[in-house]
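Enquirer: Quick one: structure below, then a few questions.
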Amino acid sequence: MDVLTKIKSLREELSQHNYNYYVLDNPTISDFEFDQKLKELQDLETKHPEYFDETSPTQRVGGAITKNFETIQHEFRMYSLDNSYSKEDLLDWEKRCQKILGDVQLEFTCELKYDGASISILYENGKLKRAVTRGDGFQGDDVTNNIKTIKSVPIKLKSDFVDKFEIRGEIILPLAGFEKMNQELIEIGETPYANPRNTASGSLKLQDSSLVAKRPLDCLLYSIVGNNLPLETQYEGLEKARELGFKVPQESKLAKSIDEVFDFINYWDIHRHDLPYETDGVVVKVNQIQYQEELGYTAKAPRWAIAYKFKAEQATTVLDSITYQVGRTGAITPVANLQPVQLAGTVVKRASLHNADQIAKLDIRVNDTVFVEKGGEIIPKIVGVDKTQRSSNSEPVQYITHCPECNTELIRNEGEAQHYCPNFYGCPPQIIGRVQHYISRKAMDIDGLGGETVALLYNADLIQNYADLYELKKEDVIPLERMAEKSAENLVNGIEKSKEIPFERVLYALGIRYVGETVAKKLAKHYKSIDAIANASLLDLILVDEIGEKIAQSVVQFFENQENITIIERLKTHGVQFEIDESTNSNLSSKLEGKVFVVSGVFETYSRDDLKKAIEVNGGKVGSSISSKTNYVVAGANMGPAKLEKATKLEIPVISEFEFNELLNG
């Protein structure tokens, strides 16, 4: 087989596997096998650049930078949809259609209304040509580089169709991916994203497409548009889109009557909560395209389609009061205290008001009658005020100016929505929150000590910071509520054992804002000791791989605080690890000295932790992500294809665990 034939064969095979995994959710080979084939293709393409193809599976890693998104005129306008909120509205819509069309038998296509960012993707001669956001319906932004990173969007079609057409759909962020992204933000002290829809929309406007590639975006398609398309119905269009390789949800249904439409709506009003992504309604379309053309459009929307919006589970109650919570970082969150009300199977007594701007936007006041919904079907939120019920002597809310816990004057940084209490070492919730973070499982993991016990210790004046933990004695804690002699002994022993926790986890445990697990490990490996980090300049920190200016500024500010330095010195005297234990690196050899490894996948002869330890005790370093500084990627089963693509792009050797052993054994 000649080289070009081999390259084409690999591209076709990998495209099919990609389709099986991301569109059908039915992989037929392991991630490791996929990665090995992708590596083989990348190697061949690198050696033979004359065979470059923009539709190759190797071209999905991203990396293109878009400083300014070009505005593109839509060839076919992207209309909005009229909304309906009752079955009576749908019956009225059906009557309007029948009045225009006469006595014809209508069929309807029912599709779930996906809550994402609208996109129109142009294909020419079977290849993805351009992707444009909805914008104002007449024109939008060219986000082609970003859309190409989404694995469920075909770069090349699976079968022939017309030479030129556009396909419309929604870019969404599945709930599992959204929750994972938010958890990572919370761990580094950042504000989590508000909802999947806005996050998906914001992702499309990121300037660096390699960042978009890291986000678990998906694309659900629902409509093919173009001139003289060989399609007779909307439902046929959905089936054709699937045949071409697009991800079209199987939940869509052909309804022979409006009663079948109601059956579809009734079913999904209940079962929508089982879906992996957010949906807020059903889109009903006249199925026959001939009738769509006859019905035409109003100034804003097609007459042949309508959106039925599910009723958000909502309740009415009275706002009794507003209180303010102080978080570990000092962020202030206003909370609405409500008269108890049943909502979505639970009794709701409280709801977040987010910040001062939200209170002002709602013009919400104490004793108002308010409308409460389950935001994202999970967190209660106030969505409105029934001002007809408002008392004539009602007064606007005056947002607090001082901390409700320590009475320190609040600050609000430019560009931030939240107010903060700057009393870092004197505000009880901040102190308790920091100690709770310090003892958490991913930090010091202190057995026998939980969050409630931390609060008890603080309230009993036994601790003021995490250094005080190491001076606790069994007899100090026995008098605490629910603390018997054995549990007190376990607590003290757990604190003592935490002195063995390695430096990178200690650094994370300190609770420096924006320094999560990965950043802490990166800083610890680079600087080796807490003193070196404390003495690093802002520029030095920024030059560390993956450490941005915001993180660097936070680190510098932390070590400029003399109280932080004092606490760290106390922790040192108690034996807490504040430097890398270099002695472990000399246990075996220095064969891997100066080499940086990234470990990815599942291994047969090692656990991931054992493999990382083997690298470190032989003088090597373990990186968290692939960069130009990486020397080797050790790949096991289920290694992500994006990592393999990046390694190949940077020409970094990808080795198996057995090849790693050969490297160790000379």
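Labels for the structure tokens follow display order: chains A, B, ..., residues from 1 in each chain, ligands from 1.
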List the neighbours of A:Glu546 out to 10 Å using only C-alpha atoms; skip same-chain residues closer than 3 positions along the sequence, and give me the result as number ranges by chain.
Expert: A: 518-519, 522-523, 541-543, 549, 551, 624-625, 627
Enquirer: Identify, on the basis of only C-alpha atoms, every residue whose closest approach to A:Glu50 does not exceed 12 Å; exclude the query and any residue fewer than 5 positions from it along the same chain; express the result as an mmCIF file with N, CA, C and O atoms, in the first residue's frame.
Expert:
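This went into around21.cif:
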data_model
loop_
_atom_site.group_PDB
_atom_site.id
_atom_site.type_symbol
_atom_site.label_atom_id
_atom_site.label_comp_id
_atom_site.auth_asym_id
_atom_site.auth_seq_id
_atom_site.Cartn_x
_atom_site.Cartn_y
_atom_site.Cartn_z
ATOM 1 N N VAL A 3 1.892 5.370 0.344
ATOM 2 C CA VAL A 3 1.698 6.281 1.479
ATOM 3 C C VAL A 3 0.355 7.001 1.393
ATOM 4 O O VAL A 3 -0.386 7.079 2.379
ATOM 5 N N LEU A 4 0.022 7.542 0.220
ATOM 6 C CA LEU A 4 -1.222 8.300 0.094
ATOM 7 C C LEU A 4 -2.434 7.405 0.356
ATOM 8 O O LEU A 4 -3.385 7.816 1.034
ATOM 9 N N ILE A 7 -2.648 6.908 4.084
ATOM 10 C CA ILE A 7 -3.151 8.115 4.755
ATOM 11 C C ILE A 7 -4.663 8.233 4.581
ATOM 12 O O ILE A 7 -5.405 8.481 5.540
ATOM 13 N N LEU A 44 2.596 10.125 9.506
ATOM 14 C CA LEU A 44 2.614 10.083 8.043
ATOM 15 C C LEU A 44 2.389 11.472 7.447
ATOM 16 O O LEU A 44 3.055 11.866 6.481
ATOM 17 N N GLU A 45 1.451 12.232 8.028
ATOM 18 C CA GLU A 45 1.169 13.584 7.513
ATOM 19 C C GLU A 45 2.351 14.517 7.732
ATOM 20 O O GLU A 45 2.626 15.393 6.909
#
Enquirer: For A:Ile186, list every protein, DNA or RNA residue within 9 Å, evaluated using only C-alpha atoms, and leave out those in the same chain fewer than 6 positions away; present the list as a list in words.
Expert: Pro192, Tyr514 and Gly516 of chain A
Enquirer: Suppose you want the space between atom CA of A:Asp357 and atom CA of A:Ile432; what is it in Å?
Expert: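 It comes out at 27.7 Å.
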Enquirer: Got a sec to tell me which of stretch 336-528 of chain A DSSP assigns to alpha helix (DSSP H), as a ChimeraX atom specification?
Expert: /A:356-362,428-439,451-459,474-477,485-497,503-509,517-527
Enquirer: As a list in words, please: the residues near stretch 346-350 of chain A (cut-off 12 Å, only C-alpha atoms, same-chain neighbours under 6 positions excluded).
Expert: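 In the requested format, the answer is Glu313, Gln314, Ala315, Thr316, Thr317, Val318, Leu319, Asp320, Ser321, Ile322, Thr323, Tyr324, Pro334, Val335, Ala336, Asn337, Leu338, Gln339, Pro340, Phe371, Val372, Glu373, Lys374, Glu377, Ile378, Ile379, Pro380, Lys381 and Ile382 of chain A.
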Enquirer: When you look at stretch 436-443 of chain A with a cut-off of 9 Å (counting only C-alpha atoms), what residues show up, excluding the ones that are within fewer than 4 positions of it in the same chain? I need them as JSON, numbers by chain.
Expert: {"A": [328, 431, 432, 447, 449, 450, 451, 452, 454, 455, 466, 495, 498, 501, 504, 505, 506, 507, 508, 509, 510, 511, 517]}
Enquirer: At a cut-off of 8 Å, can you tabulate as CSV every residue of stretch 264-362 of chain A near stretch 399-415 of chain A together with its closest atom pair and the distance in Å to one decimal, using only C-alpha atoms and ordering rows by chain then number?
Expert:
residue,atom,partner,partner_atom,distance
A:Tyr324,CA,A:Pro404,CA,6.7
A:Gln325,CA,A:Pro404,CA,7.8
A:Val326,CA,A:Glu405,CA,7.7
A:Ala356,CA,A:Tyr399,CA,6.4
Enquirer: I'd like the neighbourhood of stretch 155-171 of chain A as JSON, numbers by chain, where a residue qualifies if any of its atoms comes within 6 Å (using only C-alpha atoms), though same-chain residues fewer than 4 positions away should be ignored.
Expert: {"A": [55, 116, 117, 118, 119, 120, 121, 122, 123, 124, 125, 126, 127, 128, 218, 219, 220, 221, 222, 223, 224, 225, 226, 244, 245]}
Enquirer: As an exercise, work out the distance from atom CA of A:Val622 to atom CA of A:Phe597 in Å and give it to one decimal place.
Expert: 4.9 Å
Enquirer: Please determine, counting only C-alpha atoms, which residue among A:Asn18, A:Ser152, A:Lys253, A:Ser30 has the shortest atom-to-atom distance to A:Val602.
Expert: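 Distance minimum relative to A:Val602 lands on A:Ser30.
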Enquirer: Figure out the distance between atom CA of A:Asn287 and atom CA of A:Phe108, please, to one decimal in Å.
Expert: 4.7 Å
Enquirer: Can you tell me, as number ranges by chain, which residues in stretch 252-491 of chain A count as strand (DSSP E or B) by DSSP?
Expert: A: 253-255, 279-286, 288, 297, 302, 305-309, 314-326, 331-343, 346-352, 369-375, 379-385, 402, 409, 411, 420
Enquirer: Taking only C-alpha atoms into account, name the residue in A:Ala312, A:Ala488, A:Ile463, A:Thr298 that is nearest to A:Leu343.
Expert: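 Under the stated criterion, the closest residue is A:Ala312.
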Enquirer: Counting only C-alpha atoms, which of A:Leu24, A:Leu539, A:Leu663, A:Val286 gets nearest to A:Ile615?
Expert: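 Nearest candidate to A:Ile615 out of A:Leu24, A:Leu539, A:Leu663, A:Val286: A:Leu663.
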